[in-house]
Every structure is written in structure tokens, then in C-alpha cells.
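Engineer: Sharing my_file_9.cif below, mmCIF, C-alpha atoms:
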```cif
data_entry
loop_
_atom_site.label_atom_id
_atom_site.label_comp_id
_atom_site.auth_asym_id
_atom_site.auth_seq_id
_atom_site.Cartn_x
_atom_site.Cartn_y
_atom_site.Cartn_z
CA MET A 1 137.03 -83.63 68.24
CA ASN A 2 135.02 -84.86 71.20
CA PHE A 3 131.96 -86.42 69.55
CA GLU A 4 129.81 -86.16 72.68
CA ARG A 5 130.60 -82.44 72.99
CA TYR A 6 129.81 -81.95 69.29
CA LEU A 7 126.46 -83.75 69.67
CA GLU A 8 125.66 -81.66 72.73
CA ARG A 9 126.33 -78.43 70.80
CA VAL A 10 124.14 -79.62 67.90
CA MET A 11 121.33 -80.37 70.33
CA GLU A 12 121.70 -76.92 71.93
CA PHE A 13 121.58 -75.30 68.48
CA MET A 14 118.44 -77.27 67.51
CA LYS A 15 116.77 -76.39 70.79
CA GLY A 16 117.60 -72.71 70.28
CA LEU A 17 116.28 -72.87 66.70
CA SER A 18 113.11 -74.58 67.89
CA ASN A 19 112.58 -71.91 70.55
CA LYS A 20 113.16 -69.19 67.94
CA ILE A 21 110.58 -70.73 65.57
CA LYS A 22 108.15 -71.17 68.46
CA PHE A 23 108.58 -67.51 69.41
CA GLU A 24 108.05 -66.42 65.78
CA PHE A 25 104.82 -68.44 65.60
CA GLN A 26 103.62 -66.91 68.87
CA GLU A 27 104.38 -63.40 67.60
CA LEU A 28 102.62 -64.07 64.28
CA ASN A 29 99.63 -65.60 66.06
CA SER A 30 99.28 -62.49 68.22
CA LYS A 31 99.34 -60.22 65.17
CA LEU A 32 96.72 -62.37 63.46
CA ASP A 33 94.47 -62.42 66.55
CA ALA A 34 94.51 -58.63 66.51
CA LEU A 35 93.81 -58.47 62.77
CA VAL A 36 90.87 -60.92 63.01
CA GLU A 37 89.28 -58.51 65.50
CA GLU A 38 90.23 -55.34 63.61
CA VAL A 39 88.83 -56.53 60.28
CA LYS A 40 85.32 -56.28 61.77
CA LYS A 41 85.87 -52.64 62.75
CA ARG A 42 88.08 -50.94 60.18
CA ARG A 43 89.29 -51.11 56.59
CA VAL A 44 91.94 -53.84 56.55
CA THR A 45 93.84 -54.00 53.27
CA GLU A 46 94.76 -57.08 51.29
CA THR A 47 98.41 -56.02 51.64
CA GLU A 48 98.25 -56.32 55.45
CA ALA A 49 97.01 -59.90 55.21
CA GLN A 50 99.46 -60.74 52.42
CA GLU A 51 102.44 -59.52 54.48
CA LEU A 52 101.50 -61.83 57.36
CA GLU A 53 100.97 -64.72 54.94
CA ASN A 54 104.46 -64.08 53.50
CA GLN A 55 105.95 -64.19 57.01
CA LEU A 56 104.19 -67.49 57.61
CA GLU A 57 105.54 -69.04 54.40
CA LYS A 58 109.09 -68.51 55.68
CA LEU A 59 108.32 -70.74 58.66
CA GLU A 60 108.59 -74.05 56.88
CA GLU A 61 107.45 -76.46 59.58
CA PRO A 62 103.90 -77.71 58.70
CA SER A 63 102.81 -77.84 62.33
CA GLU A 64 99.51 -77.18 64.06
CA GLU A 65 100.89 -73.69 64.79
CA LYS A 66 101.18 -73.07 61.07
CA ALA A 67 97.67 -74.45 60.52
CA ARG A 68 96.31 -72.13 63.19
CA CYS A 69 97.94 -69.13 61.49
CA LEU A 70 96.65 -70.19 58.07
CA ARG A 71 93.14 -70.44 59.50
CA LYS A 72 93.27 -66.89 60.84
CA ILE A 73 94.70 -65.48 57.60
CA GLY A 74 91.87 -67.26 55.78
CA ILE A 75 89.31 -65.60 58.07
CA VAL A 76 90.81 -62.17 57.36
CA TYR A 77 90.79 -62.77 53.60
CA LYS A 78 87.16 -63.90 53.85
CA ASP A 79 86.14 -60.80 55.77
CA ILE A 80 87.79 -58.44 53.27
CA GLY A 81 86.07 -60.26 50.40
CA LYS A 82 89.11 -62.07 48.96
CA TYR A 83 87.35 -65.41 48.86
CA GLN A 84 89.73 -67.30 46.57
CA LYS A 85 92.69 -66.52 48.83
CA ALA A 86 90.59 -67.41 51.87
CA GLU A 87 89.72 -70.78 50.33
CA ASN A 88 93.40 -71.48 49.56
CA CYS A 89 94.40 -70.79 53.18
CA GLN A 90 91.63 -72.95 54.61
CA ASP A 91 92.46 -75.77 52.19
CA LYS A 92 96.10 -75.71 53.35
CA CYS A 93 95.03 -75.59 57.00
CA LEU A 94 92.77 -78.60 56.49
CA GLU A 95 95.55 -80.56 54.78
CA ILE A 96 97.96 -79.98 57.69
CA ARG A 97 95.36 -80.90 60.29
CA GLN A 98 94.34 -84.08 58.49
CA LYS A 99 97.97 -85.22 58.52
CA ALA A 100 98.55 -84.16 62.13
CA PHE A 101 95.28 -85.25 63.76
CA GLY A 102 93.53 -87.57 61.30
CA ASN A 103 89.95 -87.30 59.99
CA GLN A 104 88.14 -87.67 63.33
CA SER A 105 89.52 -84.72 65.29
CA PRO A 106 87.76 -81.52 66.43
CA GLU A 107 90.54 -79.52 64.70
CA THR A 108 89.82 -81.18 61.34
CA ALA A 109 86.08 -80.61 61.84
CA GLU A 110 86.77 -76.92 62.51
CA SER A 111 88.70 -76.65 59.24
CA TYR A 112 85.88 -78.28 57.28
CA ASN A 113 83.46 -75.76 58.79
CA ASP A 114 85.75 -72.80 57.99
CA LEU A 115 86.05 -74.02 54.40
CA ALA A 116 82.26 -74.39 54.16
CA VAL A 117 81.76 -70.76 55.23
CA VAL A 118 84.11 -69.46 52.53
CA CYS A 119 82.57 -71.69 49.85
CA ARG A 120 79.08 -70.46 50.80
CA PHE A 121 80.23 -66.88 50.21
CA MET A 122 81.67 -68.02 46.85
CA LYS A 123 78.32 -69.70 46.03
CA ASN A 124 80.16 -73.01 45.55
CA TYR A 125 77.25 -74.91 47.03
CA ASP A 126 78.42 -78.45 46.26
CA LYS A 127 81.66 -77.95 48.18
CA THR A 128 79.82 -76.04 50.93
CA GLU A 129 77.43 -78.92 51.56
CA LYS A 130 80.18 -81.52 51.44
CA CYS A 131 82.35 -79.64 53.98
CA CYS A 132 79.39 -78.83 56.26
CA LEU A 133 78.29 -82.45 56.42
CA GLU A 134 81.83 -83.73 56.98
CA SER A 135 82.32 -81.26 59.84
CA LEU A 136 79.00 -82.34 61.34
CA ARG A 137 79.80 -86.05 60.95
CA ILE A 138 83.03 -85.64 62.93
CA ARG A 139 81.52 -83.41 65.61
CA GLU A 140 78.52 -85.68 66.20
CA ALA A 141 80.95 -88.59 66.60
CA VAL A 142 83.45 -86.98 69.00
CA LEU A 143 81.69 -84.14 70.84
CA ASP A 144 79.08 -83.90 73.56
CA SER A 145 75.53 -83.31 72.28
CA GLN A 146 75.50 -79.81 73.87
CA HIS A 147 78.93 -78.74 72.62
CA PRO A 148 79.08 -75.21 71.09
CA ASP A 149 81.00 -76.52 68.04
CA LEU A 150 78.12 -78.86 67.27
CA ALA A 151 75.76 -75.87 67.42
CA GLN A 152 78.06 -74.10 64.97
CA SER A 153 77.72 -76.95 62.46
CA TYR A 154 73.93 -76.94 62.82
CA ASP A 155 73.88 -73.16 62.31
CA GLU A 156 76.04 -73.30 59.20
CA LEU A 157 73.93 -76.08 57.67
CA GLY A 158 70.75 -74.17 58.50
CA ALA A 159 72.07 -71.04 56.77
CA PHE A 160 73.27 -73.09 53.79
CA TYR A 161 69.96 -74.90 53.21
CA CYS A 162 68.09 -71.60 53.57
CA LYS A 163 70.24 -70.17 50.76
CA LYS A 164 69.51 -73.23 48.65
CA GLY A 165 65.76 -72.97 49.26
CA ASN A 166 65.54 -76.27 51.18
CA TYR A 167 63.49 -74.79 54.02
CA GLN A 168 62.58 -78.06 55.71
CA LYS A 169 66.24 -78.97 56.32
CA SER A 170 67.11 -75.36 57.12
CA GLU A 171 64.52 -75.13 59.89
CA GLU A 172 65.53 -78.53 61.29
CA TYR A 173 69.18 -77.52 61.73
CA LEU A 174 68.49 -73.98 62.95
CA ILE A 175 66.15 -75.26 65.68
CA LYS A 176 68.83 -77.77 66.79
CA CYS A 177 71.37 -74.94 66.95
CA LEU A 178 69.02 -72.65 68.86
CA SER A 179 68.25 -75.39 71.38
CA ILE A 180 71.96 -75.75 72.24
CA ARG A 181 72.88 -72.08 72.22
CA GLU A 182 69.95 -70.93 74.36
CA ALA A 183 70.85 -73.68 76.86
CA ILE A 184 74.58 -73.00 77.18
CA LEU A 185 75.19 -69.36 76.21
CA GLY A 186 74.42 -66.10 77.95
CA PRO A 187 71.51 -64.00 76.59
CA GLN A 188 73.94 -61.40 75.15
CA HIS A 189 76.30 -63.83 73.41
CA PRO A 190 77.19 -62.94 69.76
CA ASP A 191 76.73 -66.58 68.64
CA LEU A 192 73.14 -66.50 69.89
CA ALA A 193 72.65 -63.30 67.88
CA THR A 194 73.90 -65.14 64.77
CA THR A 195 71.31 -67.89 65.23
CA TYR A 196 68.56 -65.30 65.66
CA LYS A 197 69.76 -63.65 62.45
CA ASN A 198 69.70 -66.91 60.51
CA LEU A 199 66.20 -67.70 61.80
CA GLY A 200 65.15 -64.22 60.73
CA LEU A 201 66.48 -64.87 57.23
CA PHE A 202 64.70 -68.23 57.18
CA PHE A 203 61.35 -66.59 57.97
CA LYS A 204 62.09 -63.79 55.48
CA ASN A 205 62.56 -66.36 52.72
CA LYS A 206 59.31 -68.02 53.81
CA ALA A 207 57.58 -64.60 53.52
CA ASN A 208 56.70 -64.62 57.25
CA TYR A 209 57.87 -61.05 57.76
CA GLN A 210 56.47 -60.68 61.29
CA LYS A 211 58.59 -63.56 62.61
CA ALA A 212 61.54 -62.45 60.49
CA GLU A 213 61.41 -59.02 62.09
CA GLU A 214 61.07 -60.55 65.57
CA TYR A 215 64.24 -62.66 65.25
CA LEU A 216 66.27 -59.98 63.46
CA LEU A 217 65.42 -57.46 66.20
CA ARG A 218 66.57 -59.98 68.82
CA CYS A 219 69.86 -60.20 66.95
CA LEU A 220 70.07 -56.40 66.66
CA ASN A 221 69.50 -55.90 70.41
CA ILE A 222 72.46 -58.15 71.21
CA ARG A 223 74.78 -56.74 68.57
CA GLU A 224 74.09 -53.11 69.45
CA ALA A 225 74.81 -53.97 73.10
CA VAL A 226 78.11 -55.80 72.56
CA PHE A 227 79.69 -54.43 69.36
CA ASP A 228 81.41 -51.23 68.33
CA PRO A 229 79.07 -48.89 66.33
CA TYR A 230 81.11 -49.54 63.16
CA HIS A 231 81.30 -53.32 63.53
CA ALA A 232 80.73 -55.36 60.36
CA ASP A 233 78.15 -57.64 62.04
CA LEU A 234 76.09 -54.58 62.94
CA ALA A 235 76.09 -53.47 59.29
CA ASN A 236 74.99 -56.98 58.34
CA ILE A 237 71.93 -56.94 60.61
CA TYR A 238 70.97 -53.43 59.48
CA ASN A 239 71.04 -54.69 55.89
CA ASN A 240 68.87 -57.71 56.68
CA LEU A 241 66.31 -55.68 58.62
CA ALA A 242 66.13 -53.20 55.75
CA LYS A 243 65.32 -56.03 53.34
CA VAL A 244 62.53 -57.37 55.55
CA TYR A 245 60.97 -53.90 55.91
CA TYR A 246 61.23 -53.40 52.15
CA LEU A 247 59.47 -56.69 51.44
CA ASN A 248 56.80 -55.77 54.00
CA ASN A 249 56.22 -52.38 52.29
CA GLN A 250 57.67 -50.37 55.19
CA ASN A 251 59.85 -48.21 52.97
CA GLN A 252 60.71 -45.53 55.52
CA LYS A 253 62.16 -48.07 57.96
CA SER A 254 63.83 -49.90 55.09
CA GLU A 255 65.62 -46.78 53.88
CA MET A 256 66.72 -45.90 57.44
CA TYR A 257 68.40 -49.28 57.95
CA PHE A 258 69.94 -49.36 54.47
CA MET A 259 71.54 -45.96 55.14
CA LYS A 260 72.87 -47.16 58.53
CA CYS A 261 74.44 -50.18 56.83
CA LEU A 262 75.84 -48.08 53.98
CA LYS A 263 77.45 -45.62 56.43
CA ILE A 264 79.38 -48.43 58.14
CA ARG A 265 80.38 -50.28 54.99
CA GLU A 266 81.61 -47.22 53.09
CA ALA A 267 83.68 -46.25 56.15
CA THR A 268 85.20 -49.68 56.83
CA LEU A 269 85.34 -51.67 53.58
CA ASP A 270 87.54 -51.55 50.51
CA SER A 271 85.83 -49.89 47.52
CA GLN A 272 85.70 -53.26 45.70
CA HIS A 273 84.33 -55.32 48.60
CA PRO A 274 81.39 -57.63 47.71
CA ASP A 275 79.43 -56.49 50.81
CA LEU A 276 79.54 -52.91 49.54
CA ALA A 277 78.07 -54.11 46.25
CA THR A 278 75.30 -55.85 48.20
CA ILE A 279 74.17 -52.71 50.01
CA TYR A 280 74.30 -50.76 46.73
CA ILE A 281 71.97 -53.22 45.01
CA ASN A 282 69.63 -53.37 47.99
CA SER A 283 69.39 -49.58 48.03
CA ALA A 284 68.78 -49.63 44.27
CA THR A 285 65.92 -52.10 44.77
CA LEU A 286 64.37 -49.83 47.40
CA TYR A 287 64.48 -46.78 45.12
CA LEU A 288 63.22 -48.81 42.18
CA GLY A 289 60.16 -49.78 44.24
CA ARG A 290 59.63 -46.08 45.01
CA LYS A 291 59.98 -45.26 41.28
CA ASP A 292 63.00 -43.06 41.95
CA TYR A 293 64.78 -44.39 38.86
CA GLN A 294 67.64 -41.91 39.00
CA LYS A 295 68.77 -43.01 42.47
CA ALA A 296 68.08 -46.66 41.65
CA GLU A 297 70.28 -46.50 38.55
CA GLU A 298 73.02 -44.63 40.45
CA TYR A 299 73.32 -47.35 43.11
CA LEU A 300 72.92 -50.15 40.61
CA LEU A 301 75.80 -48.93 38.46
CA LYS A 302 78.02 -48.76 41.58
CA CYS A 303 77.10 -52.36 42.34
CA LEU A 304 77.61 -53.52 38.76
CA LYS A 305 81.07 -51.93 38.62
CA ILE A 306 82.21 -53.91 41.68
CA ARG A 307 80.60 -57.24 40.79
CA GLU A 308 81.79 -57.34 37.19
CA ALA A 309 85.30 -56.56 38.43
CA VAL A 310 85.55 -59.14 41.22
CA LEU A 311 83.11 -61.97 40.49
CA ASP A 312 83.13 -64.97 38.20
CA PRO A 313 80.97 -64.39 35.05
CA TYR A 314 78.51 -67.06 36.25
CA HIS A 315 78.28 -65.91 39.86
CA PRO A 316 74.65 -65.76 41.17
CA ASP A 317 75.22 -62.29 42.65
CA LEU A 318 76.01 -61.01 39.17
CA ALA A 319 72.68 -62.44 37.98
CA THR A 320 70.92 -60.45 40.71
CA VAL A 321 72.36 -57.14 39.53
CA TYR A 322 71.50 -57.97 35.90
CA ASP A 323 67.91 -58.74 36.99
CA SER A 324 67.64 -55.41 38.83
CA SER A 325 69.17 -53.56 35.85
CA GLY A 326 66.56 -55.14 33.61
CA LEU A 327 63.78 -53.97 35.97
CA ILE A 328 65.05 -50.38 35.92
CA TYR A 329 65.18 -50.24 32.13
CA LEU A 330 61.79 -51.98 31.92
CA SER A 331 60.35 -49.24 34.15
CA LYS A 332 61.99 -46.61 31.91
CA LYS A 333 60.50 -48.36 28.83
CA ASP A 334 63.98 -48.99 27.41
CA TYR A 335 62.99 -52.49 26.32
CA GLN A 336 66.19 -53.23 24.39
CA LYS A 337 68.39 -52.74 27.47
CA ALA A 338 65.87 -54.54 29.68
CA GLU A 339 65.90 -57.58 27.38
CA HIS A 340 69.71 -57.52 27.30
CA TYR A 341 70.02 -57.65 31.11
CA PHE A 342 67.21 -60.16 31.66
CA ALA A 343 68.86 -62.51 29.14
CA LYS A 344 72.19 -62.21 31.01
CA CYS A 345 70.48 -62.97 34.31
CA LEU A 346 68.56 -65.93 32.88
CA ARG A 347 71.71 -67.46 31.38
CA ILE A 348 73.46 -67.46 34.76
CA ARG A 349 70.50 -68.65 36.84
CA GLU A 350 69.60 -71.51 34.52
CA ALA A 351 73.26 -72.59 34.62
CA VAL A 352 73.83 -72.49 38.39
CA LEU A 353 70.46 -72.82 40.16
CA GLU A 354 68.08 -75.73 40.56
CA PRO A 355 65.27 -75.67 37.93
CA GLN A 356 62.57 -74.85 40.49
CA HIS A 357 64.50 -72.21 42.46
CA PRO A 358 62.56 -68.99 43.28
CA GLY A 359 65.29 -67.03 41.46
CA ILE A 360 64.44 -68.83 38.22
CA ALA A 361 60.73 -68.10 38.75
CA ALA A 362 61.52 -64.41 39.35
CA ILE A 363 63.42 -63.93 36.09
CA TYR A 364 60.70 -65.80 34.18
CA VAL A 365 58.00 -63.45 35.47
CA ASN A 366 60.17 -60.39 34.77
CA SER A 367 60.88 -61.60 31.21
CA GLY A 368 57.17 -62.28 30.75
CA THR A 369 56.39 -58.72 31.87
CA LEU A 370 58.90 -57.34 29.36
CA TYR A 371 57.42 -59.23 26.40
CA LEU A 372 53.88 -58.32 27.46
CA ASN A 373 54.86 -54.64 27.41
CA LYS A 374 56.50 -55.12 23.99
CA GLY A 375 53.34 -56.75 22.63
CA ASP A 376 55.08 -60.09 21.97
CA TYR A 377 52.29 -62.18 23.48
CA GLN A 378 53.69 -65.55 22.42
CA LYS A 379 56.94 -65.01 24.34
CA ALA A 380 55.09 -63.40 27.23
CA GLU A 381 52.86 -66.47 27.62
CA GLU A 382 55.87 -68.78 27.33
CA TYR A 383 57.79 -67.14 30.23
CA LEU A 384 54.75 -66.55 32.45
CA THR A 385 53.76 -70.21 32.03
CA LYS A 386 57.28 -71.33 32.98
CA CYS A 387 56.98 -69.27 36.14
CA LEU A 388 53.52 -70.69 36.90
CA ASN A 389 54.83 -74.25 36.42
CA ILE A 390 57.44 -73.65 39.17
CA LYS A 391 54.79 -72.28 41.53
CA GLU A 392 52.56 -75.31 40.96
CA ALA A 393 55.44 -77.79 41.27
CA VAL A 394 56.72 -76.37 44.58
CA PRO A 395 53.78 -74.57 46.24
CA ASP A 396 55.51 -74.44 49.65
CA ILE A 397 58.27 -72.16 48.34
CA PRO A 398 57.20 -68.49 48.50
CA HIS A 399 56.67 -67.10 45.02
CA PRO A 400 58.70 -63.95 44.25
CA ASN A 401 55.67 -61.95 43.01
CA LEU A 402 52.43 -63.86 42.73
CA LEU A 403 50.36 -60.72 42.30
CA LEU A 404 52.43 -59.62 39.29
CA LEU A 405 52.26 -63.09 37.74
CA TYR A 406 48.46 -63.32 37.90
CA LYS A 407 48.02 -59.67 36.89
CA ASN A 408 50.19 -60.18 33.82
CA PHE A 409 48.32 -63.33 32.84
CA GLY A 410 45.09 -61.34 33.12
CA LEU A 411 46.45 -58.53 30.94
CA LEU A 412 47.94 -61.01 28.47
CA TYR A 413 44.66 -62.84 27.88
CA LEU A 414 42.75 -59.55 27.81
CA ASN A 415 44.98 -58.40 24.94
CA MET A 416 44.56 -61.79 23.26
CA GLU A 417 40.74 -61.42 23.72
CA ASP A 418 40.49 -64.61 25.75
CA PHE A 419 38.15 -62.95 28.26
CA ARG A 420 37.33 -66.07 30.26
CA LYS A 421 40.99 -66.71 31.10
CA SER A 422 41.58 -63.00 31.66
CA GLU A 423 38.78 -62.85 34.26
CA GLU A 424 40.07 -66.03 35.95
CA TYR A 425 43.57 -64.58 36.48
CA PHE A 426 42.39 -61.13 37.56
CA ILE A 427 40.29 -62.82 40.29
CA LYS A 428 43.40 -64.81 41.37
CA CYS A 429 45.42 -61.57 41.34
CA LEU A 430 43.00 -59.83 43.71
CA GLY A 431 43.01 -62.89 45.98
CA THR A 432 46.74 -62.79 46.71
CA LYS A 433 48.13 -61.61 50.05
CA GLU A 434 49.98 -58.78 48.29
CA ALA A 435 46.73 -57.36 46.88
CA ALA A 436 45.60 -56.17 50.31
CA SER A 437 48.52 -53.70 50.55
CA ASP A 438 48.74 -52.68 46.87
CA PRO A 439 47.09 -49.31 46.15
CA ASP A 440 47.48 -49.62 42.35
CA LEU A 441 44.86 -52.28 41.67
CA SER A 442 41.89 -49.97 41.03
CA SER A 443 42.35 -50.44 37.27
CA ILE A 444 42.15 -54.23 37.70
CA HIS A 445 38.90 -53.85 39.64
CA ARG A 446 37.46 -51.74 36.80
CA ILE A 447 38.57 -54.21 34.10
CA LEU A 448 37.17 -57.14 36.08
CA GLU A 449 33.84 -55.35 36.51
CA LYS A 450 33.59 -54.83 32.74
CA LEU A 451 34.54 -58.46 32.05
CA GLN A 452 31.91 -59.74 34.46
CA ASN A 453 29.27 -57.53 32.81
CA PHE A 454 30.42 -58.50 29.31
#
```
Would you give me this structure, written as C-alpha cells?
Structural biologist:
Amino acid sequence: MNFERYLERVMEFMKGLSNKIKFEFQELNSKLDALVEEVKKRRVTETEAQELENQLEKLEEPSEEKARCLRKIGIVYKDIGKYQKAENCQDKCLEIRQKAFGNQSPETAESYNDLAVVCRFMKNYDKTEKCCLESLRIREAVLDSQHPDLAQSYDELGAFYCKKGNYQKSEEYLIKCLSIREAILGPQHPDLATTYKNLGLFFKNKANYQKAEEYLLRCLNIREAVFDPYHADLANIYNNLAKVYYLNNQNQKSEMYFMKCLKIREATLDSQHPDLATIYINSATLYLGRKDYQKAEEYLLKCLKIREAVLDPYHPDLATVYDSSGLIYLSKKDYQKAEHYFAKCLRIREAVLEPQHPGIAAIYVNSGTLYLNKGDYQKAEEYLTKCLNIKEAVPDIPHPNLLLLYKNFGLLYLNMEDFRKSEEYFIKCLGTKEAASDPDLSSIHRILEKLQNF
């Protein structure tokens, strides 16, 4: 056999095989590009993403093409709420890119950022922070100071620190992001809308509802102009606006935006999607505030069914639904069920949150309210004092319900016949910002008048 001819035929075969693999990657990439867009607009099933992942696994070469496909599959899994699968894909993508490009490349930085986003949804805050900072370290080292990817890192860190309650760092990074995006992007760009949304959430968490509304409406104006009416990002901003209006006692507007969000999510999401659970619990909270306990319980049970099925037993979002369940049963005077759910919430929050987190303060004040209503004044004082200690230790963090805390202290000491302390806390209660918009404080005024004339 002519060896040169044999070698030539082998080379032709390898070239043909390489072209075939390249074509298969291009075809798969095109399908994934379409799915990444579609997942924001319609109900994409886990099976659709799994089929494309299976196709990818047959293409053995661990190239940048494979990494790019893994990244897109991870984004789809994230958007349909399959966070563990999303994390696995982004981990694999990162591993390939580290080997191909090293630890100082924009591609590796992008993978760290993608992984951070998924871990934030999973409430894995240690890994989120680590990946965010690593992405930022690379981007600050290799990119121009006005590069959009650098703005992305600032935005993600701002959103992360807002979730963690570190508002000083959150504001610092969000302002850096805004400075870049307003300078380089058009006024209708979706990324600018995202920064406005995150600033809105920052001001919501700081209880500055006027500024929160201002930034969220800026985001809404862009998203309604550029997105399909059933786009997932539109549902997201409706949900956030509804929460701000609820916290600012604008219940009619709050209900309107919750219903807009619910309409989109029920039409486009799987029945077990975490975002569907979120709108159910937010609607339940609205109806609880309006004392419509039947509707509140209906939405809460829908949320609980999803979250207990799909979340880890110590997930913070599960704690939130337990807290809300406790509040419903407290309002219905079913103290046994209320105590059961508050205890479940407290166990999770004390395990996963920082000791002075507002979420810990909130469950302390709710537990204190329960024991006050049960007449167990020793336990009531214990939990209310724990809540007060957090407020005094971190006064710059907005307290979940300062009016309720002081009111309960006043009632507690009134029942314990410590009238001096009771008067002191009722005066503090009436001096809170919330007191100005609360119509149910006439009884406190009457009690205080009697105490002062005592």
C-alpha cells in the first residue's frame, strides 16, 4: 500500500469528521439560541432542555463550542427553575474554559458570573459571593473601565449584597454599574432596565418606597416598550412593583400588579416553577394584610405545595412560606398551627441567615406576638427582646415592623402591670413612621391617655 496515499486518505477523513462535528455544534448552538429566547416567552419543558443536553454529550470534544452550548443549556435550566441542573452545566462550562483559556480570560469571567447568578437563585450565598468576586477580579484586570461586562459584574454584586442586607456595598456596586450603563447603552436597553430594577429593590429594602417606585417604573417603561406582553422579565417587574405598593399601603395598585404577574406566570411557567410559588406567596401576603384569610390561605397552600416539593428543607424561601402560614393561623387564632409554622421558620432562618438579618428580627416579633396572644408573657418578652436587640445593634437596617414591636411591648407590660414601661413603648409606637398611616391605633391612644392620667 502507498503510505502517502493512505496518510492522505486519513487526513481527508479527519477533516470530514471535524467539519461534521463543527456543523453539529453550529446546529446545536442555533437551537439553543432559540430556546434561550423562547424560555422568556413560553412554557419550556425540562425535557426540551434535557434532549439538547443529551445531544451535546454525544459530541465528546471538550472545546469552547461545547462550553458555549453548556452555558446556554445552563441558562435555560435556570430560567425554568431547575437550579441544580443549571449549576452542573455552568460548573462544566467553567472547567472547560479554565483549561482552554486560563484563569484571566473574559470567557472564564463570564462563566464565574453565570455560576454566581444560579447560586444566588439557590440561596448558596457563599459560592455566589466567591464567583462574583472572581469574575470581577478578572474583568477589572483585563477589560476597559467602561466595558459592559464590568457593569454586569457590578450589577450582580449589587443585587447579591442587597439580598444579604449589606446595603452599603450594594449601593456602591449598583451606582458603579449605573454609571457605565447610562454612559454606553441606549435609553431603552434591557440591561439598563435591570439596573433600574435592582436599584428599586435596594430602595425597597431600605424602606424608601418613593425612590423604589421611581426606579421600578423606569424599568417597567423600558420593558413594556421592548418585550413581548408575556415576557418573564415583565412578570418580574410587575411582581416587584406590587410588593412596593403593598409595603406602602397602596393595596389596590399592589393587587393589580400581582394579578398581571400571575397571569403571565401561570400561562408561561411549569406548575412547579419557583417563580410561580413566589407570586402565590406575595398574593397571600396581600390578602392577609386585607384580612381576607380565605384567599390568603388558598394562595399560601399553592405556594407551600410547590416549595416543599422542589426546595431543600433549609431553603430560605421555605422559611418565608412557613412565616406567612404562621401569620394566617395567628390571625385565625389557631395558635397551635401558628406556633408550629413559626418554629419551622425560625429553625431555618437561624441556621442559614446572619444573626442580625431582618428576617430573623421578623420571626422574633411574630413569635413574640403569638406568645403575647396566648398569655405566655415570659416567652413573649424573650422573643420581643431578641427582636429589639437586633434593631439596636443594626439601626441602619430597616426593621420589618417597628410599630408592631413597640405596640406589643406596650401591651405586654400593660398585662404585666408594669405601667411605666407600657407607657414608654406606646409612645414609641405612636412615634413610628408607620403610625401615621395606620387607622387602627385609636385603642392605643385611649390606653395611653388612661396611663398618663393614672
Engineer: Which residue out of A:Gly410, A:Gly81, A:Pro187, A:Gly431 has the minimum interatomic distance to Ser443 of chain A when only C-alpha atoms are used?
Structural biologist: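 For Ser443 of chain A, the nearest of the candidates is A:Gly410.
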Engineer: Could you work out how far atom CA of Cys261 of chain A lies from atom CA of Ala116 of chain A, giving the answer in Å with one decimal?
Structural biologist: 25.6 Å
Engineer: So which residues get picked by the PyMOL selection byres ((chain A and resi 43-48) around 12) here, written as a ChimeraX atom specification?
Structural biologist: /A:31-32,34-42,49-55,73-74,76-83,85-86,230-232,264-273
Engineer: Could you name the residues that touch Gln104 of chain A at 8 Å or less, counting only C-alpha atoms, but leaving out those on the same chain fewer than 5 positions away, as a list in words?
Structural biologist: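 The neighbour list is Ala109, Ile138, Ala141 and Val142 of chain A.
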Engineer: If you count only C-alpha atoms, which residues fall within 9 Å of Leu241 of chain A, apart from same-chain ones fewer than 4 positions away, as a PyMOL selection string?
Structural biologist: chain A and resi 200+212-213+216-217+220+236-237+245-246+253-254+257-258
Engineer: Next, the residues of the selection above should be written as a PDB file, in the coordinates of the input with C-alpha atoms.
Structural biologist:
```pdb
ATOM      1  CA  GLY A 200      65.150 -64.220  60.730  1.00  0.00           C
ATOM      2  CA  ALA A 212      61.540 -62.450  60.490  1.00  0.00           C
ATOM      3  CA  GLU A 213      61.410 -59.020  62.090  1.00  0.00           C
ATOM      4  CA  LEU A 216      66.270 -59.980  63.460  1.00  0.00           C
ATOM      5  CA  LEU A 217      65.420 -57.460  66.200  1.00  0.00           C
ATOM      6  CA  LEU A 220      70.070 -56.400  66.660  1.00  0.00           C
ATOM      7  CA  ASN A 236      74.990 -56.980  58.340  1.00  0.00           C
ATOM      8  CA  ILE A 237      71.930 -56.940  60.610  1.00  0.00           C
ATOM      9  CA  TYR A 245      60.970 -53.900  55.910  1.00  0.00           C
ATOM     10  CA  TYR A 246      61.230 -53.400  52.150  1.00  0.00           C
ATOM     11  CA  LYS A 253      62.160 -48.070  57.960  1.00  0.00           C
ATOM     12  CA  SER A 254      63.830 -49.900  55.090  1.00  0.00           C
ATOM     13  CA  TYR A 257      68.400 -49.280  57.950  1.00  0.00           C
ATOM     14  CA  PHE A 258      69.940 -49.360  54.470  1.00  0.00           C
TER      15      PHE A 258
END
```
Engineer: (35.6, -59.7, 32.9) in this file's frame - what residues fall within 7 Å of it? Use only C-alpha atoms and give the answer as a list in words.
Structural biologist: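 Looking at atoms near the point gives Phe419, Ser422, Glu423, Ile447, Leu448, Glu449, Lys450, Leu451, Gln452, Asn453 and Phe454 of chain A.
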Engineer: I'd like to see the residues matched by the PyMOL selection byres ((chain A and resi 359-368) around 8) on this file, and ideally I'd get them as a ChimeraX atom specification.
Structural biologist: /A:323,327,339,342,345-346,349-350,353,355-358,369-372,379-384,386-388,390-391,399-401,404-405,408
Engineer: Could you pull the residues within 12 Å of Ser105 of chain A, counting only C-alpha atoms, minus those fewer than 3 positions along the same chain, as a PyMOL selection string?
Structural biologist: chain A and resi 94+97-102+108-112+134-143
